[in-house]
file model04.txt (compact mmCIF, C-alpha atoms and all ligand atoms)
# COMPACT_ATOMS: atom_id res chain seq x y z
CA MET G 1 -98.91 97.22 -113.83
CA THR G 2 -100.52 96.09 -110.58
CA THR G 3 -103.08 98.39 -108.99
CA GLU G 4 -102.17 99.91 -105.65
CA MET G 5 -103.87 98.59 -102.56
CA ASN G 6 -105.75 101.20 -100.53
CA GLY G 7 -105.11 101.32 -96.82
CA LEU G 8 -106.68 103.02 -93.81
CA LEU G 9 -104.27 104.16 -91.09
CA ILE G 10 -105.81 104.29 -87.60
CA GLY G 11 -104.02 106.30 -84.90
CA CYS G 12 -102.41 109.62 -85.86
CA GLY G 13 -100.25 110.05 -82.76
CA PHE G 14 -96.50 110.19 -82.10
CA PHE G 15 -95.25 107.28 -84.23
CA SER G 16 -97.75 107.58 -87.08
CA GLY G 17 -95.63 110.10 -89.00
CA ASN G 18 -93.06 107.36 -89.55
CA HIS G 19 -95.81 105.02 -90.81
CA LEU G 20 -97.18 107.64 -93.21
CA HIS G 21 -93.75 108.61 -94.57
CA GLY G 22 -93.02 104.90 -94.81
CA TRP G 23 -96.15 104.09 -96.81
CA ALA G 24 -95.17 106.78 -99.33
CA ASP G 25 -91.95 104.77 -99.94
CA VAL G 26 -93.77 101.42 -100.29
CA GLU G 27 -94.49 99.93 -103.71
CA GLY G 28 -97.97 98.58 -104.42
CA ALA G 29 -99.92 100.30 -101.64
CA ARG G 30 -100.98 103.73 -100.46
CA ILE G 31 -102.86 105.18 -97.51
CA ALA G 32 -106.24 106.35 -98.83
CA ALA G 33 -107.57 107.66 -95.49
CA VAL G 34 -106.52 108.23 -91.90
CA CYS G 35 -108.58 107.85 -88.75
CA ASP G 36 -108.18 109.16 -85.21
CA ARG G 37 -110.85 109.68 -82.60
CA ASP G 38 -109.20 113.08 -82.09
CA ALA G 39 -110.42 115.10 -85.10
CA ASP G 40 -107.51 117.57 -85.00
CA ARG G 41 -104.98 114.74 -85.21
CA ALA G 42 -106.82 113.02 -88.08
CA ARG G 43 -107.26 116.24 -90.04
CA GLY G 44 -103.66 117.31 -89.33
CA ALA G 45 -102.22 114.00 -90.57
CA ALA G 46 -104.37 114.10 -93.73
CA GLU G 47 -103.23 117.65 -94.49
CA THR G 48 -99.55 117.06 -93.73
CA PHE G 49 -99.32 113.88 -95.81
CA GLY G 50 -101.78 114.78 -98.60
CA ILE G 51 -104.15 111.93 -97.68
CA PRO G 52 -107.51 112.33 -99.48
CA ALA G 53 -109.82 111.55 -96.51
CA TRP G 54 -109.92 111.53 -92.72
CA HIS G 55 -112.30 109.97 -90.21
CA GLN G 56 -112.91 109.84 -86.47
CA ASP G 57 -114.66 106.47 -86.29
CA ALA G 58 -113.03 103.16 -87.19
CA ALA G 59 -116.47 101.95 -88.32
CA VAL G 60 -115.39 103.27 -91.74
CA LEU G 61 -113.58 99.90 -92.00
CA GLY G 62 -116.95 98.46 -93.03
CA SER G 63 -117.24 100.79 -96.06
CA GLY G 64 -115.60 98.35 -98.48
CA ALA G 65 -113.09 101.07 -99.48
CA PHE G 66 -110.01 99.48 -97.91
CA ASP G 67 -107.73 96.59 -98.88
CA PHE G 68 -105.89 96.73 -95.53
CA VAL G 69 -105.68 98.63 -92.26
CA ASP G 70 -102.56 99.86 -90.46
CA ILE G 71 -103.28 100.16 -86.73
CA CYS G 72 -100.89 102.56 -84.99
CA THR G 73 -102.58 102.88 -81.60
CA THR G 74 -101.52 101.71 -78.14
CA MET G 75 -102.02 98.07 -77.11
CA ASP G 76 -105.19 98.55 -75.02
CA THR G 77 -107.15 99.45 -78.20
CA HIS G 78 -105.94 96.65 -80.47
CA GLU G 79 -108.48 93.91 -79.72
CA ALA G 80 -111.52 96.07 -80.52
CA LEU G 81 -109.97 97.64 -83.63
CA ILE G 82 -108.71 94.32 -85.03
CA ALA G 83 -112.14 92.77 -84.39
CA GLN G 84 -113.76 95.54 -86.45
CA ALA G 85 -111.29 94.95 -89.28
CA VAL G 86 -111.65 91.16 -89.16
CA ASP G 87 -115.45 91.39 -89.17
CA ALA G 88 -115.20 93.61 -92.26
CA GLY G 89 -112.74 91.16 -93.90
CA VAL G 90 -109.94 93.76 -93.98
CA PRO G 91 -106.33 92.45 -93.54
CA VAL G 92 -104.45 94.03 -90.63
CA ILE G 93 -100.96 95.23 -89.74
CA VAL G 94 -100.92 96.27 -86.09
CA GLN G 95 -98.18 97.92 -84.04
CA LYS G 96 -96.40 96.09 -81.26
CA PRO G 97 -97.09 95.24 -78.50
CA PHE G 98 -99.85 92.98 -79.80
CA ALA G 99 -102.08 93.38 -76.70
CA PRO G 100 -101.81 93.93 -72.93
CA ASP G 101 -101.70 90.20 -72.04
CA ILE G 102 -101.43 86.80 -73.68
CA GLU G 103 -105.08 85.88 -73.20
CA THR G 104 -106.04 88.89 -75.36
CA CYS G 105 -103.45 87.95 -78.02
CA LEU G 106 -104.92 84.44 -78.15
CA ARG G 107 -108.47 85.79 -78.60
CA ILE G 108 -107.35 88.15 -81.38
CA GLU G 109 -105.45 85.40 -83.21
CA ALA G 110 -108.31 82.88 -82.90
CA HIS G 111 -110.90 85.38 -84.17
CA ALA G 112 -108.75 86.33 -87.20
CA ARG G 113 -107.91 82.68 -87.99
CA ALA G 114 -111.57 81.63 -87.83
CA ALA G 115 -112.48 84.45 -90.24
CA GLY G 116 -109.50 83.75 -92.52
CA VAL G 117 -108.31 87.37 -92.28
CA PRO G 118 -104.51 87.87 -92.32
CA VAL G 119 -103.02 89.76 -89.36
CA MET G 120 -99.38 90.81 -89.01
CA VAL G 121 -97.71 92.48 -86.04
CA HIS G 122 -95.59 95.52 -87.03
CA GLU G 123 -92.32 94.27 -85.56
CA ASN G 124 -89.78 96.48 -87.30
CA PHE G 125 -86.51 95.77 -85.47
CA ARG G 126 -85.95 92.51 -87.37
CA PHE G 127 -86.32 94.56 -90.59
CA GLN G 128 -83.43 96.89 -89.66
CA LYS G 129 -80.73 96.47 -92.31
CA ILE G 130 -78.13 95.39 -89.76
CA PHE G 131 -80.29 92.47 -88.55
CA ARG G 132 -81.13 91.31 -92.10
CA ARG G 133 -77.34 91.15 -92.75
CA LEU G 134 -76.66 89.44 -89.42
CA LYS G 135 -79.25 86.79 -90.24
CA GLU G 136 -77.59 86.21 -93.63
CA ILE G 137 -74.24 85.67 -91.91
CA LEU G 138 -75.75 83.19 -89.42
CA ASP G 139 -77.61 81.34 -92.19
CA SER G 140 -74.39 81.09 -94.25
CA GLY G 141 -72.94 78.87 -91.51
CA GLU G 142 -69.85 81.09 -91.17
CA ILE G 143 -69.84 81.02 -87.35
CA GLY G 144 -71.32 77.51 -87.10
CA GLU G 145 -74.19 76.42 -84.88
CA THR G 146 -75.12 79.30 -82.56
CA THR G 147 -74.64 78.76 -78.83
CA PHE G 148 -75.09 82.15 -77.16
CA ALA G 149 -76.51 85.63 -77.85
CA ARG G 150 -76.73 88.88 -75.96
CA LEU G 151 -79.11 91.56 -77.19
CA SER G 152 -78.74 94.77 -75.28
CA TRP G 153 -80.73 98.02 -75.42
CA ARG G 154 -79.52 100.46 -72.80
CA ASN G 155 -79.95 104.22 -73.07
CA ASP G 156 -81.60 107.17 -71.35
CA ILE G 157 -83.62 108.63 -74.22
CA ASP G 158 -86.42 110.83 -72.83
CA VAL G 159 -89.07 108.42 -74.05
CA TYR G 160 -91.61 110.01 -71.69
CA SER G 161 -91.90 113.28 -73.64
CA ASN G 162 -92.90 111.59 -76.90
CA GLN G 163 -94.78 108.67 -75.37
CA PRO G 164 -96.21 109.92 -72.05
CA TYR G 165 -98.57 106.93 -71.75
CA LEU G 166 -95.48 104.87 -70.81
CA LEU G 167 -95.29 106.65 -67.44
CA LYS G 168 -98.55 104.96 -66.46
CA THR G 169 -98.08 101.61 -68.18
CA GLU G 170 -97.76 98.76 -65.66
CA ARG G 171 -96.20 96.37 -68.18
CA PHE G 172 -93.76 98.94 -69.48
CA MET G 173 -90.20 98.09 -70.58
CA ILE G 174 -90.62 94.46 -71.60
CA MET G 175 -93.68 95.40 -73.66
CA ASP G 176 -92.14 98.55 -75.12
CA VAL G 177 -88.63 97.43 -76.13
CA GLY G 178 -88.19 93.97 -74.58
CA ILE G 179 -90.70 92.64 -77.11
CA HIS G 180 -88.50 93.91 -79.98
CA MET G 181 -85.50 92.12 -78.44
CA LEU G 182 -87.48 88.90 -77.92
CA ASP G 183 -88.61 88.99 -81.54
CA LEU G 184 -84.98 89.50 -82.60
CA ALA G 185 -83.94 86.59 -80.38
CA ARG G 186 -86.44 84.33 -82.15
CA PHE G 187 -85.46 85.68 -85.59
CA LEU G 188 -81.74 85.12 -85.01
CA MET G 189 -81.63 82.17 -82.58
CA GLY G 190 -84.93 80.32 -83.06
CA ASP G 191 -87.77 79.53 -80.68
CA ALA G 192 -87.19 79.40 -76.94
CA ALA G 193 -88.61 76.99 -74.38
CA ASP G 194 -87.66 78.48 -70.99
CA VAL G 195 -87.52 82.01 -69.59
CA THR G 196 -86.28 83.68 -66.41
CA CYS G 197 -86.34 87.39 -65.70
CA LEU G 198 -85.60 90.06 -63.10
CA ASN G 199 -87.22 93.50 -63.43
CA GLN G 200 -86.18 96.87 -62.04
CA SER G 201 -87.92 100.20 -61.67
CA VAL G 202 -85.04 102.66 -61.58
CA ARG G 203 -86.66 106.02 -62.31
CA PRO G 204 -88.94 107.06 -59.43
CA GLY G 205 -92.66 107.48 -60.08
CA LEU G 206 -93.18 104.93 -62.85
CA ALA G 207 -96.13 102.53 -62.83
CA GLY G 208 -94.02 99.74 -64.32
CA GLU G 209 -90.45 98.51 -64.82
CA ASP G 210 -87.94 100.55 -66.84
CA ALA G 211 -85.25 97.86 -66.90
CA ALA G 212 -85.26 94.09 -67.26
CA THR G 213 -82.76 91.25 -67.60
CA ILE G 214 -84.18 88.19 -69.33
CA LEU G 215 -82.52 84.82 -69.90
CA LEU G 216 -83.84 82.49 -72.59
CA ARG G 217 -83.07 78.83 -73.28
CA HIS G 218 -83.71 78.13 -76.96
CA ASP G 219 -85.02 74.85 -78.36
CA SER G 220 -81.50 74.40 -79.79
CA ALA G 221 -80.08 74.60 -76.20
CA ALA G 222 -78.42 77.95 -77.04
CA THR G 223 -78.98 80.74 -74.50
CA THR G 224 -79.80 84.42 -75.03
CA ILE G 225 -79.53 87.28 -72.55
CA VAL G 226 -81.83 90.20 -73.30
CA ASP G 227 -81.11 93.29 -71.23
CA VAL G 228 -83.12 96.49 -71.65
CA SER G 229 -83.05 99.79 -69.80
CA TYR G 230 -84.25 103.37 -70.21
CA ALA G 231 -82.14 104.35 -67.19
CA ALA G 232 -78.63 103.70 -68.56
CA HIS G 233 -76.66 106.95 -68.77
CA ARG G 234 -74.01 106.94 -71.48
CA HIS G 235 -72.44 109.60 -73.61
CA PRO G 236 -72.88 109.55 -76.51
CA ASN G 237 -76.34 108.10 -76.03
CA PRO G 238 -76.47 104.84 -78.05
CA PHE G 239 -80.24 105.18 -78.78
CA PRO G 240 -81.69 103.48 -80.83
CA GLN G 241 -79.01 100.85 -81.31
CA THR G 242 -79.37 97.25 -80.22
CA LEU G 243 -75.89 96.02 -79.27
CA GLY G 244 -74.49 92.64 -78.27
CA GLU G 245 -73.03 89.52 -79.79
CA ILE G 246 -73.82 86.10 -81.14
CA GLU G 247 -71.45 83.22 -80.57
CA GLY G 248 -71.28 80.07 -82.66
CA ARG G 249 -69.20 76.90 -82.49
CA ASP G 250 -66.82 78.36 -85.13
CA GLY G 251 -66.94 82.13 -84.58
CA THR G 252 -68.60 85.21 -83.14
CA VAL G 253 -70.42 88.25 -84.50
CA GLN G 254 -70.36 91.39 -82.36
CA ILE G 255 -73.01 94.08 -82.89
CA LEU G 256 -71.09 97.26 -82.16
CA GLU G 257 -71.88 100.95 -81.88
CA GLY G 258 -71.99 102.75 -85.21
CA GLU G 259 -74.06 99.98 -86.91
CA ILE G 260 -71.00 97.74 -87.25
CA LEU G 261 -70.88 93.96 -87.32
CA ARG G 262 -67.48 92.57 -86.27
CA ILE G 263 -67.15 89.03 -87.52
CA HIS G 264 -64.58 86.71 -85.94
CA SER G 265 -64.17 83.54 -87.99
CA GLY G 266 -61.46 81.35 -89.44
CA GLY G 267 -58.84 82.98 -87.22
CA ALA G 268 -59.52 86.43 -88.71
CA THR G 269 -61.63 89.47 -87.90
CA ARG G 270 -63.46 91.81 -90.27
CA ASP G 271 -65.86 94.70 -89.81
CA GLU G 272 -68.95 95.30 -91.91
CA ALA G 273 -70.66 98.69 -91.58
CA ILE G 274 -74.39 98.24 -92.21
CA ALA G 275 -75.83 101.73 -91.96
CA ALA G 276 -79.56 102.26 -92.27
CA ASP G 277 -80.66 104.15 -95.39
CA THR G 278 -81.21 107.84 -94.82
CA ARG G 279 -84.41 108.87 -96.56
CA GLY G 280 -85.67 112.38 -97.28
CA TRP G 281 -87.76 112.25 -94.10
CA THR G 282 -85.50 110.45 -91.60
CA SER G 283 -83.48 112.26 -88.94
CA ALA G 284 -80.87 111.32 -86.34
CA PRO G 285 -80.99 109.66 -83.92
CA TRP G 286 -84.13 107.90 -85.19
CA THR G 287 -82.86 106.91 -88.67
CA GLN G 288 -82.24 103.22 -87.89
CA ILE G 289 -85.79 102.78 -86.58
CA GLN G 290 -87.42 104.99 -89.20
CA ASP G 291 -85.72 103.21 -92.11
CA SER G 292 -87.05 99.88 -90.83
CA VAL G 293 -90.69 101.05 -90.98
CA PRO G 294 -91.17 101.06 -94.80
CA ARG G 295 -89.20 97.78 -94.92
CA THR G 296 -91.75 96.26 -92.52
CA GLU G 297 -94.68 97.74 -94.46
CA GLN G 298 -93.25 96.46 -97.78
CA HIS G 299 -93.02 92.94 -96.32
CA PHE G 300 -96.70 93.19 -95.32
CA VAL G 301 -97.75 94.28 -98.82
CA ASP G 302 -95.58 91.74 -100.65
CA ALA G 303 -96.83 88.86 -98.49
CA LEU G 304 -100.45 90.00 -98.79
CA ARG G 305 -100.13 90.08 -102.58
CA SER G 306 -98.34 86.74 -102.88
CA GLY G 307 -100.30 84.93 -100.18
CA ALA G 308 -97.07 84.12 -98.32
CA GLU G 309 -97.01 83.88 -94.53
CA PHE G 310 -95.97 87.10 -92.76
CA GLU G 311 -92.72 86.68 -90.84
CA THR G 312 -94.47 88.17 -87.82
CA SER G 313 -97.98 86.82 -88.39
CA ALA G 314 -100.41 86.87 -85.49
CA GLN G 315 -99.75 83.17 -85.02
CA SER G 316 -95.96 83.52 -84.98
CA SER G 317 -96.19 86.60 -82.76
CA LEU G 318 -97.96 84.48 -80.11
CA GLN G 319 -94.61 82.73 -79.62
CA THR G 320 -92.79 86.06 -79.19
CA TYR G 321 -95.49 87.33 -76.87
CA ALA G 322 -95.32 84.16 -74.78
CA LEU G 323 -91.67 84.98 -74.00
CA ALA G 324 -92.66 88.45 -72.77
CA GLU G 325 -95.57 87.04 -70.78
CA ALA G 326 -93.23 84.44 -69.27
CA ALA G 327 -90.73 87.17 -68.39
CA TYR G 328 -93.37 89.00 -66.34
CA ARG G 329 -94.47 85.78 -64.66
CA SER G 330 -90.88 84.86 -63.85
CA ALA G 331 -90.13 88.31 -62.42
CA ALA G 332 -93.26 88.13 -60.26
CA SER G 333 -92.69 84.58 -59.00
CA GLY G 334 -88.92 84.24 -58.97
CA ARG G 335 -89.29 81.02 -60.99
CA LEU G 336 -88.13 79.73 -64.36
CA ILE G 337 -91.14 79.56 -66.71
CA HIS G 338 -91.55 76.74 -69.23
CA ILE G 339 -93.33 78.11 -72.31
CA ALA G 340 -95.12 74.78 -72.87
CA ASP G 341 -96.63 74.95 -69.35
CA LEU G 342 -97.59 78.60 -69.83
CA MET G 343 -99.36 77.87 -73.10
CA LYS G 344 -101.23 74.90 -71.56
CA GLU G 345 -102.42 77.20 -68.78
CA VAL G 346 -103.58 80.09 -70.97
CA ARG G 347 -105.01 78.36 -74.04
CA PRO G 348 -108.80 78.21 -73.76
P1 LIG G 401 -100.05 107.80 -79.39
O1 LIG G 401 -100.81 107.67 -78.13
O2 LIG G 401 -99.16 108.99 -79.59
O3 LIG G 401 -101.05 107.76 -80.63
C1 LIG G 401 -102.14 106.87 -80.69
C2 LIG G 401 -103.28 107.58 -81.40
O4 LIG G 401 -104.32 106.62 -81.58
C3 LIG G 401 -103.88 108.74 -80.61
O5 LIG G 401 -103.90 109.90 -81.42
C4 LIG G 401 -105.31 108.27 -80.26
O6 LIG G 401 -106.25 109.32 -80.27
C5 LIG G 401 -105.56 107.27 -81.40
N1 LIG G 401 -106.58 106.26 -81.09
C6 LIG G 401 -106.59 105.41 -80.02
N2 LIG G 401 -107.67 104.60 -80.09
C7 LIG G 401 -108.32 104.91 -81.23
C8 LIG G 401 -109.50 104.42 -81.84
N3 LIG G 401 -110.23 103.43 -81.29
N4 LIG G 401 -109.90 104.97 -83.01
C9 LIG G 401 -109.18 105.98 -83.57
N5 LIG G 401 -108.07 106.50 -83.02
C10 LIG G 401 -107.63 105.96 -81.86
O7 LIG G 401 -99.21 106.45 -79.54
P2 LIG G 401 -97.82 106.23 -80.34
O8 LIG G 401 -96.70 106.67 -79.48
O9 LIG G 401 -97.95 106.74 -81.72
O10 LIG G 401 -97.74 104.63 -80.34
C11 LIG G 401 -98.65 103.85 -81.06
C12 LIG G 401 -98.15 102.41 -81.06
O11 LIG G 401 -96.90 102.37 -81.74
C13 LIG G 401 -97.87 101.84 -79.65
O12 LIG G 401 -98.32 100.51 -79.59
C14 LIG G 401 -96.35 101.90 -79.51
O13 LIG G 401 -95.82 100.88 -78.69
C15 LIG G 401 -95.93 101.69 -80.95
N6 LIG G 401 -94.60 102.22 -81.25
C16 LIG G 401 -93.79 101.44 -81.98
C17 LIG G 401 -92.53 101.87 -82.32
C18 LIG G 401 -91.65 100.95 -83.15
O14 LIG G 401 -90.49 101.23 -83.39
N7 LIG G 401 -92.17 99.85 -83.61
C19 LIG G 401 -92.08 103.12 -81.90
C20 LIG G 401 -92.96 103.93 -81.16
C21 LIG G 401 -94.24 103.47 -80.85
O1 LIG G 402 -91.40 102.82 -78.00
C1 LIG G 402 -90.14 102.50 -78.50
C2 LIG G 402 -90.15 101.54 -79.62
O2 LIG G 402 -90.94 100.63 -79.76
O3 LIG G 402 -89.15 101.85 -80.48
C3 LIG G 402 -88.50 103.02 -80.12
C4 LIG G 402 -89.39 103.68 -79.07
O4 LIG G 402 -90.27 104.59 -79.69
C5 LIG G 402 -88.62 104.46 -78.05
O5 LIG G 402 -87.62 103.68 -77.50

call {"tool": "encode", "arguments": {"input": "model04.txt", "output": "structure tokens"}}
result
Amino acid sequence: MTTEMNGLLIGCGFFSGNHLHGWADVEGARIAAVCDRDADRARGAAETFGIPAWHQDAAVLGSGAFDFVDICTTMDTHEALIAQAVDAGVPVIVQKPFAPDIETCLRIEAHARAAGVPVMVHENFRFQKIFRRLKEILDSGEIGETTFARLSWRNDIDVYSNQPYLLKTERFMIMDVGIHMLDLARFLMGDAADVTCLNQSVRPGLAGEDAATILLRHDSAATTIVDVSYAAHRHPNPFPQTLGEIEGRDGTVQILEGEILRIHSGGATRDEAIAADTRGWTSAPWTQIQDSVPRTEQHFVDALRSGAEFETSAQSSLQTYALAEAAYRSAASGRLIHIADLMKEVRP
């Protein structure tokens, strides 16, 4: 029997309950302590989840007690917290978005690489069951070489009640949900070389955009449209489903409401229902997102144990982040952004 790895979870706010429930479902690891600079939050999380210890200062990373750290704080805090972990030699899984801008992502990645400390970005959408199945279908060759994708997230969930910091975030929608879509685009369609984007701020009073339409040209010459909005009024509200389609030279897969894949190939059509697992702690409408959290955490633990590369390693996540960075630069300038030019400009 392998011994369990002991983790520290930093950040006991809104989303951390999903992380803590998730870790309880993961094999080979457990959360041994939680940390939040707000003592009530740290104590509350420890009590609710039966965690043996709680702390207010991330300096506890240097205690030698932890095999990994799970950082569930907002992006502005990531560089300092990851640096503390890296300096203590503690492997990291950190929530998206990686950091507020690409220069910071590059510094974080370079520091971790130089120290030889593994860092993974918690990018859970690609671990949703429906996207694992979709990837299998694409890899099987059933619809042939892919030529076009549309990944669409449009709803009017009241995100502001749970995550009020988003009201004041200048890089809002592309960083909050666009980054999930861009990671999915890379997962399903491969790397992309060129990006254009138009942003919208629909709801009055926001510091940033709440809608964006992004167009990618992949290295394969396929194109992807990513469209995201928190101001799309539909009933029933499709939150938290990503919808759309992927076209190939020999067929198409539609991603339909109700967690259904409709596969058109060989002159026939079939539906596959790929529902997320309901767990004792999941609840509608969040189930699809919640179920993907322990799947993401399990990937982190399995790769850490085996020494395999994380799917969303810091290094790989630079490529995803570059697409988001390019989207902002395109929206600001009205120009198409070549990722190669962007990386030449920002790399130290
Ligand atoms: P939150 O603001 O509710 O919670 C963050 C917590 O971190 C707060 O309690 C704060 O006190 C604590 N904190 C901040 N800096 C700290 C430090 N240096 N030391 C100790 N504690 C510190 O945020 P949230 O809504 O839980 O979001 C956290 C992250 O999760 C964000 O990056 C967000 O984008 C991401 N998120 C991801 C998903 C997903 O599906 N992947 C969903 C929701 C949120
Ligand atoms: O912040 C968002 C995310 O990353 O996933 C879902 C969410 O919490 C609300 O849309």

call {"tool": "residues_near_ligand", "arguments": {"input": "model04.txt", "ligand": "ligand LIG 401 (chain G)", "cutoff": "6 Å", "atoms": "only C-alpha atoms and all ligand atoms", "output": "ChimeraX atom specification"}}
result
/G:10-16,35-38,57-58,72-75,77,95-97,123-124,163,176,289

call {"tool": "atom_distance", "arguments": {"input": "model04.txt", "atom1": "atom CA of G:Phe68", "atom2": "atom CA of G:Phe172"}}
result
28.8 Å

call {"tool": "axis_aligned_box", "arguments": {"input": "model04.txt", "around": "ligand LIG 402 (chain G)", "padding_each_side": "6 Å", "output": "lines of an AutoDock Vina configuration file"}}
result
center_x = -89.5
center_y = 102.6
center_z = -79.0
size_x = 15.8
size_y = 16.0
size_z = 15.0

call {"tool": "closest_residue", "arguments": {"input": "model04.txt", "among": "G:Ala231, G:Cys197, G:Val34, G:Ala340", "to": "G:Val159", "atoms": "all atoms listed in the file"}}
result
G:Ala231

call {"tool": "closest_residue", "arguments": {"input": "model04.txt", "among": "G:Asp101, G:Asp158, G:Glu136, G:Asp25", "to": "ligand LIG 402 (chain G)", "atoms": "only C-alpha atoms and all ligand atoms"}}
result
G:Asp158

call {"tool": "closest_residue", "arguments": {"input": "model04.txt", "among": "G:Thr242, G:Arg347, G:Ile51, G:Leu20", "to": "G:Ala32", "atoms": "only C-alpha atoms"}}
result
G:Ile51

call {"tool": "residues_near_point", "arguments": {"input": "model04.txt", "point": "(-75.9, 79.6, -78.6)", "cutoff": "10 Å", "atoms": "only C-alpha atoms", "output": "list in words"}}
result
Gly144, Glu145, Thr146, Thr147, Phe148, Ala149, Arg150, Met189, Arg217, His218, Ser220, Ala221, Ala222, Thr223, Thr224, Ile246, Glu247, Gly248 and Arg249 of chain G

call {"tool": "atom_distance", "arguments": {"input": "model04.txt", "atom1": "atom CA of G:Leu318", "atom2": "atom CA of G:Val117"}}
result
16.2 Å

call {"tool": "closest_residue", "arguments": {"input": "model04.txt", "among": "G:Asn18, G:Ser283, G:Ser63, G:Thr312", "to": "G:Phe49", "atoms": "all atoms listed in the file"}}
result
G:Asn18

call {"tool": "residues_around", "arguments": {"input": "model04.txt", "residues": "G:Leu8", "least_positions_apart": "5", "cutoff": "9 Å", "atoms": "only C-alpha atoms", "output": "PyMOL selection string"}}
result
chain G and resi 30-35+60-61+65-71

call {"tool": "residues_near_point", "arguments": {"input": "model04.txt", "point": "(-85.2, 97.0, -75.5)", "cutoff": "10 Å", "atoms": "all atoms listed in the file", "output": "VMD selection string"}}
result
chain G and resid 151 to 155 173 to 182 210 to 212 226 to 230 240 to 242

call {"tool": "closest_residue", "arguments": {"input": "model04.txt", "among": "G:Glu311, G:Asp219, G:Asp156, G:Glu297", "to": "ligand LIG 402 (chain G)", "atoms": "all atoms listed in the file"}}
result
G:Asp156

call {"tool": "closest_residue", "arguments": {"input": "model04.txt", "among": "G:Thr287, G:Thr269, G:Gln319, G:Thr196", "to": "G:Met343", "atoms": "all atoms listed in the file"}}
result
G:Gln319

call {"tool": "closest_atom_pairs", "arguments": {"input": "model04.txt", "of": "stretch 61-141 of chain G", "to": "stretch 300-309 of chain G", "cutoff": "10 Å", "atoms": "only C-alpha atoms", "output": "Markdown table"}}
result
| residue | atom | partner | partner_atom | distance |
| --- | --- | --- | --- | --- |
| G:Asp67 | CA | G:Leu304 | CA | 9.8 |
| G:Phe68 | CA | G:Val301 | CA | 9.1 |
| G:Pro91 | CA | G:Leu304 | CA | 8.3 |
| G:Val92 | CA | G:Phe300 | CA | 9.1 |
| G:Ile93 | CA | G:Phe300 | CA | 7.3 |
| G:Pro118 | CA | G:Leu304 | CA | 7.9 |
| G:Val119 | CA | G:Phe300 | CA | 9.3 |
| G:Met120 | CA | G:Phe300 | CA | 7.3 |
| G:Val121 | CA | G:Phe300 | CA | 9.4 |
| G:His122 | CA | G:Phe300 | CA | 8.7 |

call {"tool": "atom_distance", "arguments": {"input": "model04.txt", "atom1": "atom CA of G:Thr278", "atom2": "atom CA of G:Arg262"}}
result
22.2 Å

call {"tool": "residues_around", "arguments": {"input": "model04.txt", "residues": "G:Leu256", "least_positions_apart": "5", "cutoff": "8 Å", "atoms": "all atoms listed in the file", "output": "tab-separated table (two decimals) with C-alpha atoms, keeping the file's coordinate frame"}}
result
chain	number	residue	atom	x	y	z
G	243	LEU	CA	-75.89	96.02	-79.27
G	244	GLY	CA	-74.49	92.64	-78.27
G	261	LEU	CA	-70.88	93.96	-87.32
G	262	ARG	CA	-67.48	92.57	-86.27

call {"tool": "decode", "arguments": {"input": "model04.txt", "residues": "stretch 205-215 of chain G", "atoms": "N, CA and C atoms", "output": "mmCIF file, in the first residue's frame"}}
result
data_model
loop_
_atom_site.group_PDB
_atom_site.id
_atom_site.type_symbol
_atom_site.label_atom_id
_atom_site.label_comp_id
_atom_site.auth_asym_id
_atom_site.auth_seq_id
_atom_site.Cartn_x
_atom_site.Cartn_y
_atom_site.Cartn_z
ATOM 1 N N GLY G 205 -21.575 48.990 -15.021
ATOM 2 C CA GLY G 205 -20.876 49.084 -13.735
ATOM 3 C C GLY G 205 -19.737 48.115 -13.527
ATOM 4 N N LEU G 206 -19.400 47.314 -14.539
ATOM 5 C CA LEU G 206 -18.298 46.363 -14.380
ATOM 6 C C LEU G 206 -16.963 47.044 -14.689
ATOM 7 N N ALA G 207 -15.899 46.570 -14.052
ATOM 8 C CA ALA G 207 -14.570 47.094 -14.373
ATOM 9 C C ALA G 207 -14.029 46.485 -15.664
ATOM 10 N N GLY G 208 -14.503 45.303 -16.010
ATOM 11 C CA GLY G 208 -13.956 44.621 -17.193
ATOM 12 C C GLY G 208 -15.047 44.166 -18.140
ATOM 13 N N GLU G 209 -14.662 43.295 -19.086
ATOM 14 C CA GLU G 209 -15.621 42.765 -20.071
ATOM 15 C C GLU G 209 -16.405 41.605 -19.454
ATOM 16 N N ASP G 210 -17.681 41.467 -19.847
ATOM 17 C CA ASP G 210 -18.443 40.277 -19.425
ATOM 18 C C ASP G 210 -18.844 39.416 -20.613
ATOM 19 N N ALA G 211 -18.327 39.767 -21.799
ATOM 20 C CA ALA G 211 -18.570 38.940 -22.992
ATOM 21 C C ALA G 211 -17.384 39.113 -23.936
ATOM 22 N N ALA G 212 -17.072 38.054 -24.656
ATOM 23 C CA ALA G 212 -15.969 38.127 -25.623
ATOM 24 C C ALA G 212 -16.195 37.111 -26.731
ATOM 25 N N THR G 213 -15.767 37.485 -27.927
ATOM 26 C CA THR G 213 -15.813 36.576 -29.083
ATOM 27 C C THR G 213 -14.389 36.485 -29.626
ATOM 28 N N ILE G 214 -13.854 35.279 -29.571
ATOM 29 C CA ILE G 214 -12.438 35.063 -29.907
ATOM 30 C C ILE G 214 -12.375 34.112 -31.106
ATOM 31 N N LEU G 215 -11.488 34.419 -32.030
ATOM 32 C CA LEU G 215 -11.268 33.530 -33.183
ATOM 33 C C LEU G 215 -9.814 33.071 -33.171
#
